[in-house]
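Student: Structure file start-v3.csv, CSV, C-alpha atoms, is pasted below:
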chain,number,residue,atom,x,y,z
I,1,MET,CA,30.1,108.1,87.7
I,2,ASN,CA,29.7,107.3,91.3
I,3,THR,CA,32.2,109.2,93.5
I,4,THR,CA,33.3,108.6,97.1
I,5,PRO,CA,33.7,111.4,99.6
I,6,GLN,CA,37.2,113.0,99.8
I,7,GLN,CA,39.3,111.7,102.6
I,8,PHE,CA,42.3,113.1,104.5
I,9,ALA,CA,44.3,110.0,105.2
I,10,SER,CA,46.8,110.6,102.4
I,11,ASP,CA,47.3,112.7,99.3
I,12,ASN,CA,47.8,109.4,97.6
I,13,TYR,CA,44.0,109.0,97.7
I,14,ALA,CA,43.5,111.7,95.1
I,15,GLY,CA,43.3,110.8,91.4
I,16,SER,CA,45.3,112.2,88.5
I,17,CYS,CA,45.0,115.9,87.8
I,18,PRO,CA,43.4,116.8,84.4
I,19,GLU,CA,46.7,118.1,82.9
I,20,ALA,CA,48.6,114.9,83.7
I,21,LEU,CA,45.7,112.8,82.4
I,22,GLN,CA,45.5,114.7,79.2
I,23,ALA,CA,49.2,114.3,78.5
I,24,LEU,CA,48.8,110.5,79.2
I,25,LEU,CA,45.9,110.4,76.7
I,26,GLU,CA,47.9,112.3,74.1
I,27,ALA,CA,50.8,109.9,74.5
I,28,ASN,CA,48.5,106.9,74.1
I,29,ALA,CA,47.1,108.5,70.9
I,30,SER,CA,50.6,109.3,69.4
I,31,GLY,CA,51.0,106.0,67.8
I,32,HIS,CA,54.0,103.7,68.1
I,33,GLU,CA,56.9,105.0,70.2
I,34,PRO,CA,60.3,103.5,71.0
I,35,ALA,CA,60.3,101.5,74.2
I,36,TYR,CA,62.3,101.7,77.5
I,37,GLY,CA,62.6,105.5,77.6
I,38,ASP,CA,63.8,106.3,74.1
I,39,ASP,CA,60.5,107.9,73.2
I,40,ARG,CA,59.8,111.7,72.6
I,41,TRP,CA,57.7,112.0,75.8
I,42,THR,CA,60.5,110.9,78.1
I,43,GLU,CA,62.9,113.2,76.3
I,44,ARG,CA,60.5,116.1,76.5
I,45,SER,CA,59.8,115.7,80.2
I,46,THR,CA,63.4,115.2,81.1
I,47,ASN,CA,64.3,118.4,79.3
I,48,MET,CA,61.5,120.1,81.1
I,49,LEU,CA,63.0,119.0,84.5
I,50,ARG,CA,66.4,120.2,83.4
I,51,GLU,CA,64.9,123.6,82.6
I,52,LEU,CA,63.0,123.7,85.8
I,53,PHE,CA,66.1,123.0,87.9
I,54,GLU,CA,68.3,125.2,85.7
I,55,ILE,CA,71.0,122.5,85.3
I,56,ASP,CA,72.0,119.6,83.0
I,57,CYS,CA,71.0,116.9,85.5
I,58,ASP,CA,70.4,113.2,84.9
I,59,VAL,CA,66.7,112.1,85.3
I,60,TYR,CA,65.3,108.6,85.7
I,61,TYR,CA,61.7,107.6,86.2
I,62,VAL,CA,60.5,104.8,88.5
I,63,PHE,CA,57.1,103.6,89.6
I,64,ASN,CA,57.0,104.7,93.2
I,65,GLY,CA,58.8,106.6,96.0
I,66,THR,CA,60.2,103.5,97.8
I,67,ALA,CA,62.0,102.5,94.6
I,68,ALA,CA,63.2,106.1,94.0
I,69,ASN,CA,64.7,106.5,97.5
I,70,SER,CA,66.0,103.0,97.7
I,71,LEU,CA,67.7,103.0,94.3
I,72,ALA,CA,69.1,106.5,94.8
I,73,LEU,CA,70.7,105.6,98.1
I,74,ALA,CA,72.0,102.4,96.7
I,75,ALA,CA,73.7,104.4,94.0
I,76,MET,CA,75.3,106.6,96.6
I,77,CYS,CA,76.5,103.9,99.0
I,78,GLN,CA,78.4,100.7,99.1
I,79,SER,CA,77.1,97.9,101.3
I,80,TYR,CA,79.5,98.8,104.2
I,81,HIS,CA,78.4,102.4,104.2
I,82,SER,CA,75.6,104.0,106.3
I,83,VAL,CA,72.9,106.6,105.7
I,84,ILE,CA,72.1,109.2,108.4
I,85,CYS,CA,68.4,110.1,108.8
I,86,THR,CA,65.8,111.2,111.3
I,87,PRO,CA,63.7,108.8,113.5
I,88,VAL,CA,60.6,109.7,111.4
I,89,ALA,CA,62.3,109.5,108.0
I,90,HIS,CA,60.2,107.5,105.5
I,91,ILE,CA,63.3,105.4,104.6
I,92,GLU,CA,63.5,104.4,108.2
I,93,THR,CA,59.8,103.8,109.1
I,94,ASP,CA,57.9,103.0,105.9
I,95,GLU,CA,59.9,101.3,103.2
I,96,CYS,CA,60.1,97.8,104.5
I,97,GLY,CA,63.9,97.7,104.5
I,98,GLY,CA,64.0,98.8,100.8
I,99,PRO,CA,67.1,101.1,101.2
I,100,GLU,CA,69.0,98.3,103.0
I,101,PHE,CA,67.9,95.7,100.5
I,102,PHE,CA,68.8,97.5,97.3
I,103,SER,CA,72.1,98.7,98.7
I,104,ASN,CA,73.0,95.1,99.8
I,105,GLY,CA,73.1,96.1,103.4
I,106,SER,CA,73.9,99.8,103.9
I,107,LYS,CA,72.8,100.6,107.4
I,108,LEU,CA,70.5,103.5,108.4
I,109,LEU,CA,71.9,105.5,111.3
I,110,VAL,CA,69.1,107.2,113.1
I,111,ALA,CA,69.8,110.6,114.6
I,112,GLU,CA,68.5,111.9,117.9
I,113,GLY,CA,64.8,112.6,118.3
I,114,LEU,CA,64.7,114.9,121.3
I,115,SER,CA,65.8,118.3,120.1
I,116,THR,CA,63.2,120.9,119.0
I,117,ALA,CA,64.2,120.4,115.4
I,118,ALA,CA,64.0,116.6,115.6
I,119,GLN,CA,60.5,117.0,117.2
I,120,ARG,CA,59.6,118.8,114.0
I,121,GLY,CA,60.9,116.0,111.8
I,122,LYS,CA,64.2,117.7,110.9
I,123,LEU,CA,67.8,116.6,110.7
I,124,THR,CA,70.4,119.0,112.1
I,125,PRO,CA,74.1,119.6,111.3
I,126,GLU,CA,74.9,118.7,114.9
I,127,ALA,CA,73.1,115.4,114.6
I,128,ILE,CA,75.1,114.6,111.5
I,129,GLU,CA,78.4,115.4,113.2
I,130,THR,CA,77.5,113.4,116.3
I,131,LEU,CA,76.9,110.2,114.3
I,132,VAL,CA,79.9,110.7,112.0
I,133,THR,CA,82.3,111.3,114.8
I,134,LYS,CA,80.8,108.7,117.2
I,135,ARG,CA,83.2,106.1,115.9
I,136,SER,CA,85.9,105.8,113.2
I,137,ASP,CA,86.9,102.2,113.6
I,138,ILE,CA,86.5,99.5,111.0
I,139,HIS,CA,83.7,97.9,112.9
I,140,TYR,CA,81.4,100.9,112.4
I,141,PRO,CA,79.4,101.2,109.1
I,142,ARG,CA,81.1,104.3,107.5
I,143,PRO,CA,78.7,107.2,107.1
I,144,LYS,CA,78.4,108.1,103.4
I,145,VAL,CA,75.0,109.9,103.0
I,146,ALA,CA,72.8,112.3,104.9
I,147,SER,CA,69.2,112.0,103.9
I,148,ILE,CA,66.5,114.6,104.5
I,149,THR,CA,62.8,114.7,103.6
I,150,GLN,CA,61.4,117.9,102.1
I,151,ALA,CA,58.7,118.6,103.2
I,152,THR,CA,59.3,116.5,106.3
I,153,GLU,CA,57.1,113.6,107.5
I,154,LEU,CA,55.7,116.0,110.1
I,155,GLY,CA,54.7,118.6,107.6
I,156,THR,CA,57.5,121.0,108.2
I,157,VAL,CA,59.8,122.5,105.6
I,158,TYR,CA,63.6,123.0,105.6
I,159,SER,CA,64.5,126.6,104.7
I,160,VAL,CA,67.2,127.2,102.1
I,161,ASP,CA,69.6,128.2,104.9
I,162,GLU,CA,68.9,125.0,106.8
I,163,VAL,CA,69.7,122.9,103.7
I,164,ARG,CA,72.8,124.8,103.1
I,165,ALA,CA,73.9,124.2,106.7
I,166,LEU,CA,73.3,120.5,106.3
I,167,SER,CA,75.2,120.4,103.1
I,168,TRP,CA,78.1,122.2,104.7
I,169,MET,CA,78.3,119.7,107.4
I,170,ALA,CA,77.9,116.8,105.0
I,171,GLN,CA,80.7,118.1,102.8
I,172,LYS,CA,82.9,118.6,105.9
I,173,HIS,CA,82.7,114.9,106.5
I,174,LYS,CA,82.7,113.9,102.9
I,175,LEU,CA,79.1,112.8,102.8
I,176,LYS,CA,76.6,113.2,100.0
I,177,LEU,CA,73.2,114.8,100.6
I,178,HIS,CA,70.0,113.0,99.5
I,179,MET,CA,66.6,114.6,99.5
I,180,ASP,CA,63.4,112.6,99.7
I,181,GLY,CA,61.1,115.0,97.9
I,182,ALA,CA,57.8,113.0,98.0
I,183,ARG,CA,56.2,116.4,98.7
I,184,PHE,CA,58.9,118.6,97.2
I,185,ALA,CA,56.4,120.6,95.3
I,186,ASN,CA,54.5,121.5,98.6
I,187,ALA,CA,57.8,122.6,100.1
I,188,VAL,CA,58.7,124.9,97.1
I,189,ALA,CA,55.2,126.3,97.2
I,190,HIS,CA,55.7,127.2,100.9
I,191,LEU,CA,59.1,128.7,100.5
I,192,GLY,CA,58.3,130.7,97.3
I,193,CYS,CA,61.8,129.9,96.0
I,194,LYS,CA,63.0,128.4,92.7
I,195,PRO,CA,63.6,124.7,92.8
I,196,ALA,CA,67.3,125.1,92.1
I,197,GLU,CA,67.7,127.3,95.2
I,198,ILE,CA,66.5,124.6,97.6
I,199,THR,CA,68.3,121.7,95.8
I,200,TRP,CA,71.6,121.7,94.0
I,201,LYS,CA,72.4,125.4,94.7
I,202,ALA,CA,72.0,124.5,98.4
I,203,GLY,CA,74.2,121.4,98.1
I,204,VAL,CA,71.7,118.6,97.4
I,205,ASP,CA,73.3,115.8,95.3
I,206,VAL,CA,70.3,113.7,94.5
I,207,LEU,CA,66.5,114.5,94.7
I,208,CYS,CA,63.7,112.0,94.5
I,209,PHE,CA,61.0,114.3,93.1
I,210,GLY,CA,57.5,113.1,94.0
I,211,GLY,CA,54.8,113.3,91.4
I,212,THR,CA,52.2,110.8,92.6
I,213,LYS,CA,51.2,112.9,95.6
I,214,ASN,CA,50.9,116.0,93.5
I,215,GLY,CA,48.6,114.8,90.7
I,216,LEU,CA,50.3,112.1,88.7
I,217,PRO,CA,48.7,108.7,88.3
I,218,VAL,CA,52.0,107.0,89.0
I,219,GLY,CA,55.7,107.7,88.9
I,220,GLU,CA,58.5,109.5,90.6
I,221,ALA,CA,61.6,111.2,89.1
I,222,VAL,CA,65.1,110.5,90.5
I,223,VAL,CA,67.1,113.6,89.7
I,224,PHE,CA,71.0,113.4,89.9
I,225,PHE,CA,72.5,116.8,90.2
I,226,ASP,CA,75.9,115.1,90.8
I,227,ARG,CA,75.9,113.2,87.6
I,228,GLU,CA,78.8,111.0,88.6
I,229,LEU,CA,76.5,109.3,91.1
I,230,SER,CA,74.2,108.2,88.3
I,231,GLN,CA,76.8,106.0,86.6
I,232,ASP,CA,75.2,102.7,85.8
I,233,PHE,CA,71.9,103.8,87.4
I,234,ALA,CA,70.0,102.7,84.3
I,235,TRP,CA,71.1,99.1,85.0
I,236,ARG,CA,70.2,99.4,88.6
I,237,VAL,CA,66.7,100.5,87.7
I,238,LYS,CA,66.4,97.6,85.2
I,239,GLN,CA,67.6,95.0,87.7
I,240,ALA,CA,65.1,96.3,90.3
I,241,GLY,CA,62.2,95.8,88.0
I,242,GLN,CA,61.6,99.6,87.7
I,243,LEU,CA,62.3,100.1,84.0
I,244,ALA,CA,58.9,100.6,82.3
I,245,SER,CA,58.9,99.2,78.8
I,246,LYS,CA,56.2,101.7,77.8
I,247,MET,CA,58.1,104.5,79.6
I,248,ARG,CA,56.0,107.2,77.9
I,249,PHE,CA,53.0,106.3,80.1
I,250,ILE,CA,55.1,107.3,83.2
I,251,SER,CA,57.0,110.3,81.6
I,252,ALA,CA,54.1,111.8,79.6
I,253,PRO,CA,52.0,112.8,82.7
I,254,TRP,CA,55.1,114.7,83.9
I,255,VAL,CA,54.8,116.9,80.8
I,256,GLY,CA,51.3,117.8,81.8
I,257,LEU,CA,52.4,118.3,85.4
I,258,LEU,CA,55.3,120.5,84.5
I,259,ASP,CA,53.7,122.5,81.7
I,260,ASN,CA,52.4,126.0,82.8
I,261,ASN,CA,53.6,125.2,86.4
I,262,THR,CA,50.7,122.9,87.1
I,263,TRP,CA,52.9,121.1,89.7
I,264,LEU,CA,53.3,124.3,91.7
I,265,ARG,CA,49.6,125.3,91.4
I,266,ASN,CA,48.5,121.9,92.6
I,267,ALA,CA,50.9,122.2,95.6
I,268,ARG,CA,49.8,125.7,96.5
I,269,HIS,CA,46.2,124.6,96.5
I,270,ALA,CA,46.9,121.6,98.7
I,271,ASN,CA,48.8,123.8,101.1
I,272,ALA,CA,46.0,126.4,101.2
I,273,MET,CA,43.5,123.7,102.1
I,274,ALA,CA,45.8,122.6,105.0
I,275,GLN,CA,45.8,126.1,106.2
I,276,ARG,CA,42.0,126.3,106.0
I,277,LEU,CA,41.8,123.1,108.0
I,278,TYR,CA,44.3,124.3,110.6
I,279,THR,CA,42.5,127.6,111.1
I,280,GLY,CA,39.2,125.7,111.7
I,281,LEU,CA,40.8,123.2,114.1
I,282,LEU,CA,42.1,126.1,116.3
I,283,GLN,CA,38.5,127.1,117.0
I,284,ILE,CA,37.4,123.6,118.3
I,285,GLU,CA,37.7,123.0,122.0
I,286,GLY,CA,39.6,119.8,122.9
I,287,VAL,CA,41.7,119.7,119.7
I,288,GLN,CA,45.4,120.5,120.0
I,289,VAL,CA,47.1,121.3,116.8
I,290,LEU,CA,50.8,120.3,117.2
I,291,HIS,CA,52.3,123.0,115.0
I,292,PRO,CA,51.2,125.3,112.1
I,293,PRO,CA,51.3,123.5,108.8
I,294,GLU,CA,54.0,124.5,106.3
I,295,ALA,CA,53.0,122.1,103.6
I,296,ASN,CA,49.8,120.1,103.0
I,297,GLY,CA,49.5,118.2,106.2
I,298,VAL,CA,47.9,119.1,109.6
I,299,PHE,CA,48.9,117.2,112.7
I,300,ALA,CA,46.6,117.4,115.8
I,301,GLN,CA,45.9,115.6,119.1
I,302,LEU,CA,42.3,114.6,119.4
I,303,PRO,CA,40.6,112.9,122.3
I,304,ALA,CA,40.3,109.1,121.8
I,305,PRO,CA,36.4,109.2,121.9
I,306,LEU,CA,36.4,111.8,119.2
I,307,VAL,CA,38.8,109.8,117.0
I,308,ASP,CA,36.6,106.7,117.4
I,309,ALA,CA,33.5,108.8,116.5
I,310,LEU,CA,35.1,110.2,113.4
I,311,HIS,CA,36.2,106.7,112.2
I,312,ALA,CA,32.6,105.5,112.9
I,313,LYS,CA,31.3,108.3,110.7
I,314,GLY,CA,33.5,107.1,107.9
I,315,TRP,CA,36.5,109.5,108.1
I,316,LYS,CA,39.9,108.1,107.3
I,317,PHE,CA,43.1,109.5,108.7
I,318,TYR,CA,46.4,108.1,110.1
I,319,GLN,CA,47.5,108.0,113.7
I,320,PHE,CA,50.8,106.2,113.5
I,321,ILE,CA,52.7,109.4,112.7
I,322,ALA,CA,53.6,112.2,115.0
I,323,GLY,CA,53.6,110.2,118.3
I,324,GLY,CA,50.1,109.0,118.0
I,325,GLY,CA,48.6,112.3,116.8
I,326,CYS,CA,46.2,112.4,113.9
I,327,ARG,CA,47.5,113.4,110.5
I,328,PHE,CA,45.2,115.0,108.0
I,329,MET,CA,46.6,115.3,104.5
I,330,CYS,CA,45.2,117.6,101.8
I,331,ALA,CA,45.6,117.0,98.1
I,332,TRP,CA,45.7,118.9,94.8
I,333,ASP,CA,41.9,118.3,94.5
I,334,THR,CA,40.8,118.8,98.1
I,335,THR,CA,37.8,121.2,98.1
I,336,GLU,CA,36.9,123.8,100.6
I,337,ALA,CA,33.6,122.0,101.0
I,338,SER,CA,35.4,118.8,102.1
I,339,VAL,CA,37.5,120.6,104.6
I,340,ASP,CA,34.4,122.4,106.0
I,341,THR,CA,32.5,119.1,106.2
I,342,LEU,CA,35.3,117.5,108.2
I,343,LEU,CA,35.5,120.5,110.5
I,344,ALA,CA,31.8,120.5,111.0
I,345,ASP,CA,31.8,116.8,112.0
I,346,ILE,CA,34.8,117.3,114.4
I,347,GLN,CA,32.9,120.3,116.0
I,348,SER,CA,29.6,118.4,116.4
I,349,LEU,CA,31.2,115.2,117.6
I,350,SER,CA,33.5,116.9,120.1
I,351,ALA,CA,30.5,118.6,121.6
If you convert what's in this file into structure tokens, what do you get?
Tutor:
Amino acid sequence: MNTTPQQFASDNYAGSCPEALQALLEANASGHEPAYGDDRWTERSTNMLRELFEIDCDVYYVFNGTAANSLALAAMCQSYHSVICTPVAHIETDECGGPEFFSNGSKLLVAEGLSTAAQRGKLTPEAIETLVTKRSDIHYPRPKVASITQATELGTVYSVDEVRALSWMAQKHKLKLHMDGARFANAVAHLGCKPAEITWKAGVDVLCFGGTKNGLPVGEAVVFFDRELSQDFAWRVKQAGQLASKMRFISAPWVGLLDNNTWLRNARHANAMAQRLYTGLLQIEGVQVLHPPEANGVFAQLPAPLVDALHAKGWKFYQFIAGGGCRFMCAWDTTEASVDTLLADIQSLSA
């Protein structure tokens, strides 16, 4: 089979990890199974997630992260409500109005972006209180949810104490706390804590647990720790065109990912490759790394001629995140050789 070089534009570039693919093949070979999520693979993966989070949570599978976040927020809001988030939040910058569309108009209230925490992609309790107390009249969309991304869009990770502080502020103002966990596994790998400690035990009501960026072929899990919020969610998923008839082909790879902590091993490897890239970039003159990586992304400022030269050489990476800096993402399958090749090219071209 012909293969293309590994790239660093996104962890979505990577294929399916062997464990997830093997589970998918086993599901395909298991014969006829009930449709729409009544199959044994969906039941098994759901129970595995409950065991992972140490709680009897409600779990729903959808095709992608935009649907996961948008439908979760729609379940937490009425159309006249609002969602507090950071300026770089994926729900604000990269989901084409999905949260507003599926909630029938819930407004996103964007927090300040100048504080040290905001510059690192984080929402703060103070930012929540500022927006909640800004106005209380009927003309203002009533704040209902605070949404955070873990790990953040800038590659930083909320500590357990930071999530607890956000939850305390949210509860003070009768808000729910939503976590966009597209790279949740990478955050847990960095923190070294149990998934329960950084989610429901810290006050998170709903988690969108990302699998695609961590080795799944497709599919995200919407995990409701507050089960009252999931009332009628199955119908919401169906109406949005996110209910897979052959659900086992989305849920079975989760079995492979969760079994033997493959999800955590994949994340640890991606994080380690980001650290390798970060360490190498520090040695190259003219490259300014914005901050040490805490997950699987490295953010750096490169001179414009160097960026053009790297693109001309075939390297792919994004620049529209982190104020025009370059984002390099590592994946579950990123090799040391790929990292070293990229570093060698940056070194030679910068010279």
Student: Show me the residues around (80.1, 115.1, 106.2) - criterion: an atom at most 9 Å away, only C-alpha atoms counted - as a ChimeraX atom specification.
Tutor: /I:128-129,132,143-146,166-177
Student: Looking at I:Val206, I:Ala185, I:Leu123, I:Ala196, which one is nearest to I:Asn296, with distances taken over only C-alpha atoms?
Tutor: I:Ala185
Student: One decimal, in Å: what's the spacing between atom CA of I:Asp11 and atom CA of I:Val222?
Tutor: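 Taking atom CA of I:Asp11 and atom CA of I:Val222, their separation equals 20.0 Å.
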Student: Using only C-alpha atoms for the distances, tell me which of I:Leu49, I:Ala23, I:Ile346, I:Ile91 is nearest to I:Ala67.
Tutor: I:Ile91
Student: Identify which of the residues I:Glu51, I:Glu100, I:Asp345, I:Asp58 lies closest to I:Asp232, counting only C-alpha atoms when measuring atom-to-atom distances.
Tutor: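 For I:Asp232, the nearest of the given residues is I:Asp58.
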Student: Pick out the residues sitting within 7 Å of I:Phe8, and hand them over as number ranges by chain; count all atoms listed in the file, and ignore anything fewer than 3 positions along from it in its own chain.
Tutor: I: 316-317, 328-330
Student: Taking into account all atoms listed in the file, which residue in the set I:Gly203, I:Gly37, I:Pro293, I:Gly65 is nearest to I:Ser251?
Tutor: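 Counting all atoms listed in the file, the residue closest to I:Ser251 is I:Gly37.
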Student: Just want the 12 Å neighbourhood of I:Tyr318, counted on only C-alpha atoms, with same-chain residues fewer than 3 positions away dropped. Output as a PyMOL selection string.
Tutor: chain I and resi 7-11+297-301+307+310-311+315+321-329
Student: Pick out the residues sitting within 8 Å of stretch 268-277 of chain I, and hand them over as JSON, numbers by chain; count only C-alpha atoms, and ignore anything fewer than 6 positions along from it in its own chain.
Tutor: {"I": [186, 189, 190, 293, 294, 295, 296, 297, 298, 329, 330, 331, 332, 333, 334, 335, 336, 339, 340, 343]}
